[in-house]
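One file, work_26.txt, is given below (compact mmCIF, C-alpha atoms).
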# COMPACT_ATOMS: atom_id res chain seq x y z
CA MET N 1 11.68 -52.68 -39.27
CA GLY N 2 12.21 -55.91 -41.20
CA LYS N 3 9.50 -58.12 -42.57
CA GLN N 4 7.18 -59.88 -40.15
CA ALA N 5 7.09 -63.54 -39.25
CA ASN N 6 5.05 -65.83 -41.52
CA LEU N 7 1.80 -67.20 -40.13
CA PHE N 8 0.50 -70.27 -41.98
CA ALA N 9 -2.88 -71.54 -40.74
CA PHE N 10 -4.42 -74.87 -41.80
CA PRO N 11 -7.88 -76.35 -41.32
CA ALA N 12 -6.56 -79.65 -39.99
CA ILE N 13 -3.39 -81.31 -38.73
CA ASP N 14 -2.90 -83.38 -41.93
CA ALA N 15 -2.62 -80.25 -44.08
CA LEU N 16 -0.33 -78.65 -41.49
CA ALA N 17 1.96 -81.71 -41.42
CA SER N 18 2.15 -81.81 -45.21
CA ALA N 19 3.17 -78.13 -45.42
CA LEU N 20 5.62 -78.52 -42.54
CA ARG N 21 7.27 -81.40 -44.39
CA ALA N 22 7.68 -79.31 -47.55
CA TYR N 23 9.21 -76.50 -45.47
CA ILE N 24 11.61 -78.88 -43.67
CA VAL N 25 12.68 -80.54 -46.95
CA GLN N 26 13.43 -77.11 -48.41
CA ALA N 27 15.52 -76.22 -45.32
CA GLN N 28 17.22 -79.64 -45.47
CA ASN N 29 18.23 -79.18 -49.12
CA ALA N 30 19.52 -75.67 -48.44
CA GLY N 31 21.61 -77.09 -45.59
CA PHE N 32 23.00 -79.83 -47.84
CA THR N 33 23.94 -77.19 -50.42
CA ARG N 34 25.48 -74.94 -47.77
CA HIS N 35 27.66 -77.48 -45.96
CA GLY N 36 26.68 -81.05 -46.87
CA VAL N 37 24.65 -81.66 -43.70
CA PHE N 38 21.42 -80.47 -42.09
CA LYS N 39 21.80 -79.10 -38.56
CA VAL N 40 18.45 -78.96 -36.85
CA GLY N 41 17.46 -78.18 -33.28
CA VAL N 42 14.26 -79.66 -31.87
CA SER N 43 12.16 -78.91 -28.81
CA GLY N 44 9.69 -81.17 -26.99
CA GLY N 45 6.02 -80.97 -26.02
CA SER N 46 3.57 -81.97 -28.74
CA LEU N 47 6.11 -81.14 -31.48
CA PRO N 48 7.69 -84.64 -31.91
CA LYS N 49 4.29 -86.18 -32.65
CA THR N 50 3.61 -83.59 -35.38
CA LEU N 51 7.13 -84.06 -36.76
CA ALA N 52 6.56 -87.80 -37.01
CA LYS N 53 3.36 -87.17 -38.95
CA ALA N 54 5.23 -84.82 -41.29
CA LEU N 55 8.46 -86.75 -41.79
CA LEU N 56 7.53 -90.43 -41.77
CA THR N 57 5.12 -90.33 -44.72
CA PRO N 58 6.64 -91.72 -47.95
CA ALA N 59 8.14 -89.18 -50.37
CA SER N 60 5.70 -88.07 -53.06
CA SER N 61 8.51 -87.25 -55.53
CA ALA N 62 12.30 -87.06 -55.84
CA GLU N 63 12.11 -83.43 -54.67
CA ASP N 64 10.25 -84.53 -51.54
CA LYS N 65 13.00 -86.89 -50.35
CA ILE N 66 14.33 -86.82 -46.80
CA ASP N 67 17.86 -88.12 -46.23
CA PHE N 68 18.21 -88.60 -42.50
CA SER N 69 21.79 -89.88 -42.89
CA LYS N 70 22.94 -86.26 -43.35
CA TRP N 71 20.86 -84.87 -40.48
CA GLU N 72 22.42 -83.75 -37.20
CA ILE N 73 19.73 -83.36 -34.53
CA PHE N 74 20.34 -81.20 -31.47
CA PHE N 75 18.00 -80.25 -28.64
CA ALA N 76 16.81 -76.66 -28.29
CA ASP N 77 16.26 -77.40 -24.63
CA GLU N 78 16.39 -80.42 -22.39
CA ARG N 79 15.35 -81.40 -18.91
CA ALA N 80 17.99 -82.47 -16.39
CA VAL N 81 16.70 -86.04 -16.24
CA PRO N 82 18.05 -89.40 -17.51
CA LEU N 83 17.68 -89.98 -21.26
CA ASP N 84 15.12 -92.74 -20.70
CA HIS N 85 12.96 -90.57 -18.38
CA GLU N 86 9.46 -89.66 -19.58
CA ASP N 87 10.27 -85.93 -19.08
CA SER N 88 13.27 -86.13 -21.43
CA ASN N 89 12.84 -84.36 -24.78
CA TYR N 90 15.31 -86.85 -26.24
CA PHE N 91 13.17 -89.77 -25.01
CA LEU N 92 10.04 -88.16 -26.45
CA LEU N 93 11.65 -87.61 -29.86
CA LYS N 94 13.08 -91.15 -29.81
CA GLN N 95 9.67 -92.64 -29.01
CA GLU N 96 7.67 -90.57 -31.51
CA LEU N 97 10.11 -90.25 -34.41
CA LEU N 98 13.62 -91.67 -34.17
CA ASP N 99 12.63 -95.29 -33.43
CA LYS N 100 10.21 -95.24 -36.37
CA ILE N 101 12.54 -94.00 -39.14
CA PRO N 102 12.67 -96.65 -41.89
CA ALA N 103 16.19 -97.95 -42.59
CA GLU N 104 16.07 -96.81 -46.22
CA LEU N 105 15.79 -93.15 -45.14
CA GLY N 106 19.11 -93.36 -43.28
CA GLN N 107 19.72 -92.66 -39.61
CA PRO N 108 20.40 -89.17 -38.24
CA THR N 109 23.26 -88.27 -35.92
CA ILE N 110 21.71 -87.41 -32.55
CA HIS N 111 23.31 -85.07 -30.01
CA PRO N 112 21.65 -85.54 -26.60
CA ILE N 113 22.86 -84.07 -23.31
CA ASP N 114 25.54 -85.94 -21.35
CA PRO N 115 23.57 -87.57 -18.49
CA THR N 116 26.70 -87.96 -16.33
CA HIS N 117 26.30 -84.24 -15.42
CA LEU N 118 22.64 -84.28 -14.33
CA GLY N 119 23.58 -83.22 -10.79
CA ASP N 120 25.15 -79.93 -11.97
CA THR N 121 23.05 -77.96 -14.47
CA GLN N 122 25.83 -75.42 -15.12
CA GLU N 123 28.18 -78.24 -16.08
CA LEU N 124 25.40 -79.87 -18.11
CA ALA N 125 24.94 -76.61 -20.03
CA ASP N 126 28.70 -76.08 -20.43
CA GLN N 127 29.16 -79.60 -21.81
CA TYR N 128 26.33 -79.12 -24.32
CA GLU N 129 27.80 -75.79 -25.36
CA GLN N 130 31.16 -77.52 -25.93
CA LEU N 131 29.37 -80.05 -28.13
CA LEU N 132 27.99 -77.14 -30.20
CA VAL N 133 31.46 -75.58 -30.38
CA ARG N 134 32.88 -78.83 -31.76
CA SER N 135 30.06 -79.20 -34.28
CA PHE N 136 29.65 -75.63 -35.50
CA ALA N 137 33.09 -74.03 -35.14
CA SER N 138 35.47 -72.88 -32.49
CA ARG N 139 34.17 -70.02 -30.37
CA ASP N 140 36.93 -67.68 -31.52
CA SER N 141 35.82 -67.97 -35.15
CA VAL N 142 32.04 -67.67 -34.74
CA LYS N 143 30.10 -65.51 -32.33
CA LEU N 144 27.08 -67.85 -32.41
CA PRO N 145 26.25 -71.27 -33.85
CA ILE N 146 23.87 -70.97 -36.80
CA PHE N 147 21.38 -73.82 -37.11
CA ASP N 148 19.87 -74.56 -40.52
CA LEU N 149 16.50 -74.92 -38.78
CA LEU N 150 15.07 -74.77 -35.29
CA LEU N 151 11.74 -76.55 -34.73
CA LEU N 152 9.99 -75.09 -31.71
CA GLY N 153 6.71 -74.95 -29.85
CA THR N 154 5.21 -72.45 -27.45
CA GLY N 155 3.43 -72.99 -24.17
CA PRO N 156 0.21 -71.37 -22.94
CA ASP N 157 2.42 -68.77 -21.18
CA GLY N 158 4.31 -67.87 -24.40
CA HIS N 159 7.53 -69.63 -23.42
CA THR N 160 9.67 -71.37 -26.01
CA CYS N 161 12.62 -73.73 -25.47
CA SER N 162 13.11 -73.28 -21.71
CA LEU N 163 12.99 -69.50 -22.01
CA PHE N 164 10.16 -68.28 -19.80
CA PRO N 165 8.35 -64.90 -19.61
CA GLY N 166 10.08 -62.37 -17.39
CA HIS N 167 12.97 -64.71 -16.59
CA PRO N 168 16.49 -63.18 -16.23
CA LEU N 169 17.74 -65.80 -18.71
CA LEU N 170 16.08 -63.79 -21.52
CA ARG N 171 18.87 -61.21 -21.04
CA GLU N 172 21.69 -63.75 -21.44
CA THR N 173 23.91 -62.65 -24.34
CA SER N 174 27.22 -64.50 -24.02
CA ALA N 175 26.39 -68.18 -23.35
CA TRP N 176 25.14 -70.42 -26.15
CA VAL N 177 23.54 -72.87 -23.72
CA ALA N 178 22.36 -71.86 -20.25
CA PRO N 179 21.09 -73.70 -17.19
CA ILE N 180 17.77 -72.96 -15.52
CA GLU N 181 16.99 -74.28 -12.05
CA ASP N 182 13.69 -72.53 -11.38
CA SER N 183 11.55 -73.42 -14.40
CA PRO N 184 7.94 -72.46 -13.58
CA LYS N 185 6.94 -75.63 -15.39
CA PRO N 186 8.23 -78.93 -13.97
CA PRO N 187 10.81 -80.32 -13.98
CA PRO N 188 12.54 -77.19 -12.63
CA LYS N 189 16.11 -78.09 -13.72
CA ARG N 190 16.87 -77.76 -17.43
CA VAL N 191 19.30 -76.45 -20.02
CA THR N 192 18.30 -74.33 -22.99
CA LEU N 193 19.65 -72.57 -26.04
CA THR N 194 19.80 -68.84 -25.31
CA LEU N 195 17.74 -66.24 -27.16
CA PRO N 196 20.62 -64.98 -29.39
CA VAL N 197 21.29 -68.56 -30.59
CA VAL N 198 17.59 -69.16 -31.30
CA THR N 199 17.15 -65.92 -33.24
CA HIS N 200 20.29 -66.43 -35.38
CA SER N 201 19.05 -69.68 -36.90
CA VAL N 202 18.75 -69.62 -40.70
CA LYS N 203 15.11 -70.65 -40.32
CA ILE N 204 12.83 -71.06 -37.30
CA ALA N 205 9.53 -72.93 -37.41
CA PHE N 206 7.00 -72.88 -34.59
CA VAL N 207 4.22 -75.45 -34.48
CA ALA N 208 1.12 -74.61 -32.41
CA THR N 209 -2.20 -76.45 -32.49
CA GLY N 210 -5.49 -76.49 -30.65
CA GLY N 211 -7.97 -73.94 -29.34
CA GLY N 212 -6.14 -73.89 -26.01
CA LYS N 213 -3.42 -71.80 -27.68
CA LYS N 214 -5.63 -69.01 -29.10
CA ASP N 215 -5.35 -66.63 -26.12
CA ILE N 216 -1.56 -66.77 -25.99
CA MET N 217 -1.32 -66.61 -29.80
CA LYS N 218 -3.39 -63.42 -29.69
CA GLU N 219 -0.97 -61.96 -27.15
CA ILE N 220 2.15 -63.09 -29.07
CA PHE N 221 0.98 -61.68 -32.41
CA GLU N 222 -0.99 -58.62 -31.31
CA GLN N 223 0.82 -57.27 -28.24
CA GLY N 224 4.13 -59.14 -27.95
CA ASN N 225 4.50 -58.08 -24.30
CA GLY N 226 8.08 -59.34 -24.21
CA LEU N 227 6.93 -62.95 -24.37
CA PRO N 228 9.79 -65.26 -25.42
CA ALA N 229 7.97 -66.49 -28.55
CA ALA N 230 7.19 -62.87 -29.50
CA LEU N 231 10.85 -61.89 -28.99
CA VAL N 232 11.83 -64.60 -31.48
CA ASN N 233 9.26 -63.24 -33.97
CA GLU N 234 10.59 -59.71 -33.57
CA ALA N 235 14.27 -60.62 -33.88
CA ALA N 236 13.98 -63.17 -36.71
CA GLY N 237 11.22 -61.54 -38.79
CA GLU N 238 10.54 -63.42 -42.03
CA ARG N 239 13.07 -66.14 -41.10
CA CYS N 240 10.47 -67.26 -38.57
CA SER N 241 7.38 -69.23 -39.71
CA TRP N 242 4.43 -70.47 -37.69
CA PHE N 243 2.54 -73.62 -38.68
CA VAL N 244 -0.77 -73.61 -36.83
CA ASP N 245 -4.25 -75.03 -37.14
CA GLU N 246 -7.24 -72.67 -37.39
CA PRO N 247 -8.43 -73.19 -33.78
CA ALA N 248 -5.03 -71.99 -32.47
CA VAL N 249 -5.39 -68.60 -34.18
CA GLU N 250 -9.13 -68.06 -33.98
CA GLY N 251 -9.69 -64.32 -33.52
CA VAL N 252 -6.00 -63.45 -33.93
CA ALA N 253 -5.60 -60.22 -35.90
CA PHE N 254 -2.46 -60.98 -37.87
CA PRO N 255 -2.22 -61.57 -41.63
CA ARG N 256 -2.11 -65.23 -42.66
CA ARG N 257 0.05 -66.18 -45.61
CA GLY N 258 -0.73 -68.83 -48.20
CA PHE N 259 1.72 -71.71 -48.11
CA LEU N 260 3.14 -72.44 -51.57
Written as structure tokens, that's how I'd like the structure from this file.
Amino acid sequence: MGKQANLFAFPAIDALASALRAYIVQAQNAGFTRHGVFKVGVSGGSLPKTLAKALLTPASSAEDKIDFSKWEIFFADERAVPLDHEDSNYFLLKQELLDKIPAELGQPTIHPIDPTHLGDTQELADQYEQLLVRSFASRDSVKLPIFDLLLLGTGPDGHTCSLFPGHPLLRETSAWVAPIEDSPKPPPKRVTLTLPVVTHSVKIAFVATGGGKKDIMKEIFEQGNGLPAALVNEAAGERCSWFVDEPAVEGVAFPRRGFL
């Protein structure tokens, strides 16, 4: 068995955001070295607010610099709603982060869903997959798109992206992007990256905060139980890192690592 996921726990959100920034900058620079851009997938929930805290602070040194002009931002999952709807992950990221990026940091290229296909989630998923094909490579030359970094969260049920516990979609192996019409969490209609795409990312970072997460974190890290977030841990191993505050992992029996 490969090495385990990294669990980094911090006493407060400020320390977490600072470490998350350092981790993202490292992934950004590796992406620039690899192919001149940084391809990052982002989820919704409370994540965009934490990202804003991490990314909008001024650089502390030349090594700490973020160059958004070379970023390509994709969505790890999205709700089948208009882009200006309060349930839209794009709208949330725009509100919390994108609209606040200072001009001198450059502007990222954003890849939202195509809202003209909201009435047909299969078509919505197919169109987003085609966007990935155009950006990453043709499907006949790569089996899966490989993101430089995926930034994810997990819900109190252990779901991540729009991959839910016990859902048949967890067994999807051929599609890159799949529709879901029966999400147990509203809104029911969504599209999501599939598990193979998530687990093949160069790096994966989960952000989880608050005492409300400690029960599910205990289950993810101690039992697994086939929970989507645990499946990502198991498949990605040390390529997967968790940035959490202490209340989120209170009582969780899993070794913490020091963040350097």
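Straight-line separation from atom CA of Gln130 of chain N to atom CA of Thr160 of chain N: 22.4 Å.
Closest approach to Ala12 of chain N from the set N:Phe136, N:Gln28, N:Pro145, N:Thr50 is made by N:Thr50, with distances taken over all atoms listed in the file.
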Option closest in space to His117 of chain N, from N:Phe38, N:Lys94, N:Val191, N:His159 [counting only C-alpha atoms]
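Counting only C-alpha atoms, the residue closest to His117 of chain N is N:Val191.
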> Got a sec: who's within 6 Å of segment 102-116 of chain N, counting all atoms listed in the file, leaving out chain neighbours fewer than 3 positions off, as a list of chain:residue names?
Replying inline: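 My list of contacting residues is N:Asp67, N:Phe68, N:Ser69, N:Trp71, N:Glu72, N:Ile73, N:Phe74, N:Pro82.
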Correct to one decimal, the distance atom CA of Thr194 of chain N-atom CA of Gly211 of chain N is 28.5 Å
*Nearest-residue call for Asp14 of chain N, choices N:Val249, N:Asp64, N:Ala175, N:Ala52, using all atoms listed in the file*: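 The answer is N:Ala52, which sits nearest to Asp14 of chain N.
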Exercise. Point out the residue among N:Arg134, N:Arg190, N:Arg239, N:Lys218 with the least atom-to-atom distance to Lys3 of chain N, counting all atoms listed in the file.
Key: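 Among N:Arg134, N:Arg190, N:Arg239, N:Lys218, it is N:Arg239 that comes nearest to Lys3 of chain N.
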Please produce, as a tab-separated table, a per-residue contact table for segment 166-215 of chain N versus segment 219-225 of chain N (criterion: any atom at most 12 Å away, all atoms listed in the file considered), showing the nearest atom pair and its distance in Å to one decimal, sorted by chain then residue number.
residue	atom	partner	partner_atom	distance
N:Gly166	CA	N:Asn225	CA	9.9
N:Lys213	CA	N:Glu219	CA	10.2
N:Lys214	CA	N:Glu219	CA	8.7
N:Asp215	CA	N:Glu219	CA	6.5
Could you build a table of the residues in segment 113-211 of chain N lying no more than 12 Å from segment 5-11 of chain N, giving for each the nearest pair of atoms and their separation in Å rounded to one decimal place, using only C-alpha atoms, ordered by chain and ascending residue number, as a Markdown table?
| residue | atom | partner | partner_atom | distance |
| --- | --- | --- | --- | --- |
| N:Thr199 | CA | N:Ala5 | CA | 12.0 |
| N:Lys203 | CA | N:Ala5 | CA | 10.8 |
| N:Ile204 | CA | N:Ala5 | CA | 9.7 |
| N:Ala205 | CA | N:Asn6 | CA | 9.3 |
| N:Phe206 | CA | N:Leu7 | CA | 9.5 |
| N:Val207 | CA | N:Phe8 | CA | 9.8 |
| N:Ala208 | CA | N:Ala9 | CA | 9.7 |
| N:Thr209 | CA | N:Ala9 | CA | 9.6 |
| N:Gly210 | CA | N:Pro11 | CA | 10.9 |
From the set N:Ile24, N:Ala62, N:Val252, N:Leu97, which residue has the shortest atom-to-atom contact distance to Ile216 of chain N, counting all atoms listed in the file?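 Closest residue, counting all atoms listed in the file: N:Val252.
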| query | If you measure from atom CA of Met217 of chain N to atom CA of Asp157 of chain N, what distance in Å do you get, rounded to one decimal? | reply |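 So the answer is 9.6 Å.
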Next on the checklist: Which residue is closest to Pro58 of chain N? Choose from N:Leu83, N:Val40, N:Leu152, N:Ile101 and count only C-alpha atoms.
Outcome noted: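 Ranked by minimum distance to Pro58 of chain N, first place goes to N:Ile101.
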*asked:* When you look at Gly41 of chain N with a cut-off of 8 Å (counting all atoms listed in the file), what residues show up, excluding the ones that are within fewer than 5 positions of it in the same chain? I need them as a PyMOL selection string.
replied: chain N and resi 73-76+147+149-151
Original post:
Could you pull the residues within 9 Å of Asp126 of chain N, counting all atoms listed in the file, minus those fewer than 6 positions along the same chain, as a PyMOL selection string?
Top reply: chain N and resi 175-179
